[in-house]
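Undergrad: Okay, handing you the structure first.
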Amino acid sequence: MDQKPMKLLTRGAAAAAVLALAACASQDKVPAAAAVAVSHNAVENAVSAGAPELAPQDLTAAREKMMRANQALAAKDYKLARDLAVQAQADAKLAQSKATSAKATAAADQLNADLRVLRQEVDRANADQATGQSGATGQTQSNQ
């Protein structure tokens with residue numbers, strides 16, 4: 001048998017394997033870069049929701065993981081970059097949720113305080129009206 005076709009076939013298979021590996025590496029890069037971008041947006045959303053004041057620990061964790069994800073992306077460790085980016089996104093969403101919840105709780109507390117004041121005013125007005133009516137009724141009966 002002729003060795004030339006076997007060598008060509010072997011070389012072709014090796015070239016295909018190298019191309020397949022290169023394609024896998026670049027496919028890993030795209031999701032990792034996208035995950036890092038999404039985590040960056042999640043951190044920005046948490047900041048705009050008030051997380052620096054209302055959930056600083058979770059926001060700090062998100063920022064640290066995002067920074068490490070960027071470093072892993074630069075080092076071409078795409079799996080680690082993607083994993084850290086996903087974790088950063090989760091931490092940022094948690095920070096955003098905590099900030100939003102704290103704001104909602106504060107608004108509800110303020111509303112309850114306002115309602116309490118209104119109830120006191122209504123009760124006072126009803127008491128004054130009742131006192132005024134009983135005094136007027138007493139005067140009418142004494143006049144008869």
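By order of appearance in the structure tokens: chains A, B, ..., then residues from 1 within every chain, and ligands from 1 in the order shown.
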Would you kindly return, as a PyMOL selection string, each protein, DNA or RNA residue with an atom no farther than 7 Å from any atom of segment 83-87 of chain A, considering only C-alpha atoms and excluding same-chain residues fewer than 6 positions away?
TA: chain A and resi 35-36+39+65-66+68-69
Undergrad: Go ahead and write the residues just picked, C-alpha atoms, as a compact mmCIF listing (two decimals), in the first residue's frame.
TA:
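Dumped everything to part-v4.txt:
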# COMPACT_ATOMS: atom_id res chain seq x y z
CA ALA A 35 -20.98 37.03 30.86
CA VAL A 36 -18.43 39.61 32.04
CA SER A 39 -22.09 41.19 35.22
CA LYS A 65 -15.68 38.85 41.45
CA MET A 66 -16.18 41.00 38.37
CA ARG A 68 -11.32 38.69 39.01
CA ALA A 69 -13.46 37.68 36.01
Undergrad: So that I can check the surroundings of segment 101-110 of chain A, please list as an MDAnalysis selection string every protein, DNA and RNA residue that reaches within 12 Å of it, counting only C-alpha atoms and ignoring chain neighbours fewer than 3 positions away.
TA: chainID A and resid 49:51 53:55 93:98 113:117
Undergrad: Between A:Ala92, A:Ala33, A:Leu59, A:Ala130, single out the one closest to Lys79 of chain A, counting only C-alpha atoms.
TA: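 For Lys79 of chain A, the nearest of the candidates is A:Ala33.
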Undergrad: Rounded to one decimal place, report the atom CA of Asp58 of chain A-atom CA of Ala75 of chain A distance in Å.
TA: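 Separation of atom CA of Asp58 of chain A and atom CA of Ala75 of chain A: 25.7 Å.
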Undergrad: Would you list the contacts of Gln71 of chain A as a list in words, taking every protein, DNA or RNA residue within 10 Å and counting only C-alpha atoms, but skipping same-chain residues closer than 6 positions in sequence?
TA: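 Once the adjacent positions are removed, what remains is Lys65, Asp77, Leu80 and Ala81 of chain A.
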Undergrad: What does the structure give for the distance between atom CA of Leu111 of chain A and atom CA of Ala127 of chain A, in Å to one decimal?
TA: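 Those two atoms sit 24.2 Å apart.
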Undergrad: Could you check how far atom CA of Tyr78 of chain A sits from atom CA of Val47 of chain A, in Å to one decimal?
TA: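 Those two atoms sit 26.3 Å apart.
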Undergrad: Here is a test: counting only C-alpha atoms, which residue of A:Ala74, A:Ala88, A:Ala61, A:Val122 is nearest to His40 of chain A?
TA: A:Ala88
